[in-house]
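**Q** So that we are looking at the same thing, I have put the structure below in structure tokens.
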Amino acid sequence: MKRPRPRWQVETLEQVALIGHLTRWIALGVASGALAGLSSFVFLEGLDRITSFRLDHEWLLWLLPAAGLVIGLAYHYVGGRAAQGNALLIDQIHQPTEWVPRRMAPLVLVGTWVTHLFGGSAGREGTALQMSGSLSDALARALGLDDEDRKMLLIAALAGGFGAVFGVPLAGAVFALEVQSIGRVRYEALVPALTASVVGELVVSGLGYQHRLRPQFDITVNTLLIGKVAVAGLVFGLAGAALAELTHAIKRLLARVAWPPLRPVIGGAAVIGLAALFGRDYLGLSLALMDRSLAGDQLSFAVFALKIVFTAVTLGCAFPGGEVTPLFVIGATLGAALATPLHLPVALLAAVGLVAVFAGAANVPLACTIMGVELFGAGAVVPIAVGCVISYVFSSHRGIYPTQRIHAAKGPTRIDGRPTLHSWADRHGKPKGRLDL
């Protein structure tokens, strides 16, 4: 009969095994982050040039329906499962049943460039995440990783793509750990996620791409300030939910169009009509609106509402891109509008709104709080945290990612003995997970 090993020997063996485990996942995180950084650099450089070209050639907007037809045909006849976008990546993290298509990366890259070239109102994060996820899953396929390792590497890919495209490595890591499930943070993937996010951002900056610097705040916190920011946070949460709901509603409406390539054609015509009525400020990323808000310009409530409509029409009609940068613009402009009635500094509430609307729409309050600190400095961390948390709670269980699962309720699950929890997915037959009511 073997004698049991001494405790010190067992602990030593565990530490040696841990070093090997960490080394392996740091190496995989570096590889995933490098892929994310390289693809994000190519995307961002191209997007900046495309945006400048569009602004110099306003007639390109009239070709948006034709561009939509080209995109629709490509995704219909070539895309396959790649058309599911971010939803597919999150779904594969939950249940890895099929490889992420390798064609997802080039399709979403070119498709997003085309969307922005002709004036579609879309963002950047969806493209970065899908490129990074597709490339990292191709790496997992080449290395023969099993399902559990694939999950970890896909989480790292999300972190790398997010951190690289926005220049926020800490927020990128937490976003990837937080985004798959409402109410759960997957700490088991912390090492590869943080590694990939940091490496992704280092690659982008090392290749020469400069993310915009944002104003830094040093706020004196008091009860009145926190109360006002909490009120604004409620409105921010409803704004994030409004974009998610309107986008989903447009998708359901256009699902009645029998031939899918026709859907972005309809959307392109609708965007042209909106631009004719309300102007071109809401096309593309609309970063000028966000910059004005952060500079302290007071904007009307119509600005954020119109950006919601332009973005929901573009994304709801199946143009590729992302929701996050439009959510930044929506949040910043809404904060600038709320600042006057709440008697708060415009730039401060615009900064809080920038991250808080995204926190509610994507159900990632921790990541958005950290992002706010990375963008605007630690001096504003308290109002940023309050805005993000309140927005997260009041966005209910709606969200921009339909395959996100519910792990824990945000509030009471019963009132007078009746269930109160109704997520978008629950109401439309796409379960986000079980929650005992």
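Residue numbering restarts at 1 for every chain of the structure tokens, chains are lettered A, B, ... in their displayed order, and ligands are numbered from 1 as they appear.
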If we count only C-alpha atoms and set the cut-off at 7 Å, which residues sit around Ala173 in chain A, ignoring sequence neighbours fewer than 6 positions away in its own chain? Please answer as a PyMOL selection string.

**A** chain A and resi 159+193-194+197

**Q** Residues within 12 Å of Val199 in chain A, please, as an NGL selection string. Count only C-alpha atoms; anything in the same chain fewer than 3 positions from it doesn't count.

**A** :A and (26-38 or 40 or 156-157 or 159-165 or 167-170 or 172-173 or 192-196 or 202-206)

**Q** Given only C-alpha atoms as the basis, pick out the residue of A:Gly227, A:Ala241, A:Ser39, A:Pro96 nearest to Leu342 in chain A.

**A**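 Ranking A:Gly227, A:Ala241, A:Ser39, A:Pro96 by distance to Leu342 in chain A, first place goes to A:Gly227.
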
**Q** Would you give me, as a Markdown table, each residue of range 228-283 of chain A having an atom within 9 Å of an atom of range 327-340 of chain A, along with its shortest atom pair and that distance in Å to one decimal, using only C-alpha atoms and sorting by chain and residue number?

**A**
| residue | atom | partner | partner_atom | distance |
| --- | --- | --- | --- | --- |
| A:Ala232 | CA | A:Leu338 | CA | 7.1 |
| A:Val235 | CA | A:Leu334 | CA | 8.7 |
| A:Phe236 | CA | A:Gly331 | CA | 6.7 |
| A:Ala239 | CA | A:Gly331 | CA | 7.9 |
| A:Gly240 | CA | A:Leu327 | CA | 7.2 |
| A:Leu243 | CA | A:Leu327 | CA | 8.2 |

**Q** If you take only C-alpha atoms and a cut-off of 7 Å, which residues of range 307-357 of chain A touch range 105-126 of chain A, and what are their nearest atom pairs and distances in Å to one decimal, in chain and number order, as a tab-separated table?

**A**
residue	atom	partner	partner_atom	distance
A:Phe310	CA	A:Ser121	CA	5.9
A:Thr311	CA	A:Ser121	CA	4.9
A:Thr314	CA	A:Ser121	CA	5.8
A:Leu315	CA	A:Ala122	CA	6.8
A:Phe319	CA	A:Thr115	CA	6.5
A:Pro320	CA	A:Thr112	CA	5.2
A:Gly321	CA	A:Thr112	CA	5.1
A:Gly322	CA	A:Gly126	CA	4.0
A:Glu323	CA	A:Gly123	CA	5.3
A:Val324	CA	A:Glu125	CA	6.0
A:Thr325	CA	A:Gly123	CA	4.8
A:Pro326	CA	A:Gly123	CA	5.8

**Q** Could you name the residues that touch range 371-374 of chain A at 8 Å or less, counting only C-alpha atoms, but leaving out those on the same chain fewer than 4 positions away, as an NGL selection string?

**A** :A and (168 or 170-171 or 351-352 or 355 or 367 or 378-381 or 384)

**Q** Mind checking which residues fall within 12 Å of Gly279 in chain A, counting only C-alpha atoms, ignoring those fewer than 4 positions away in the same chain, and posting them as JSON, numbers by chain?

**A** {"A": [58, 61, 119, 271, 272, 273, 274, 275, 283, 286, 303, 306, 307, 310]}

**Q** To one decimal place, how far is CA of Ser391 in chain A from CA of Glu188 in chain A in Å?

**A**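 Answer for the CA of Ser391 in chain A to CA of Glu188 in chain A separation: 26.9 Å.
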
**Q** Enter the distance from CA of Leu135 in chain A to CA of Ala82 in chain A, in Å, rounded to one decimal.

**A**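 These two atoms are separated by 12.5 Å.
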
**Q** Can you tell me which residues surround Val78 in chain A at a distance of at most 12 Å, considering only C-alpha atoms, apart from same-chain residues fewer than 2 positions away, and format the answer as a PyMOL selection string?

**A** chain A and resi 70-76+80-83+101-104+106-108+261

**Q** Between CA of Val198 in chain A and CA of Leu154 in chain A, what distance in Å does the model show, to one decimal?

**A**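 Taking CA of Val198 in chain A and CA of Leu154 in chain A, their separation equals 15.6 Å.
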
**Q** Report as a PyMOL selection string all protein, DNA and RNA residues lying within 6 Å of Gly268 in chain A, evaluated on only C-alpha atoms, omitting residues in the same chain fewer than 4 positions from it.

**A** chain A and resi 64-65+264

**Q** Next, the residues of the selection above should be written as a CSV table (one decimal), in the first residue's frame with C-alpha atoms.

**A**
chain,number,residue,atom,x,y,z
A,64,LEU,CA,-26.5,52.7,-49.9
A,65,PRO,CA,-29.4,50.5,-51.2
A,264,PRO,CA,-30.7,45.8,-46.5

**Q** Taking into account only C-alpha atoms, which residue in the set A:Phe304, A:Trp259, A:Trp25, A:Phe166 is nearest to Gln210 in chain A?

**A**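 Looking only at the distances to Gln210 in chain A, the closest residue turns out to be A:Phe166.
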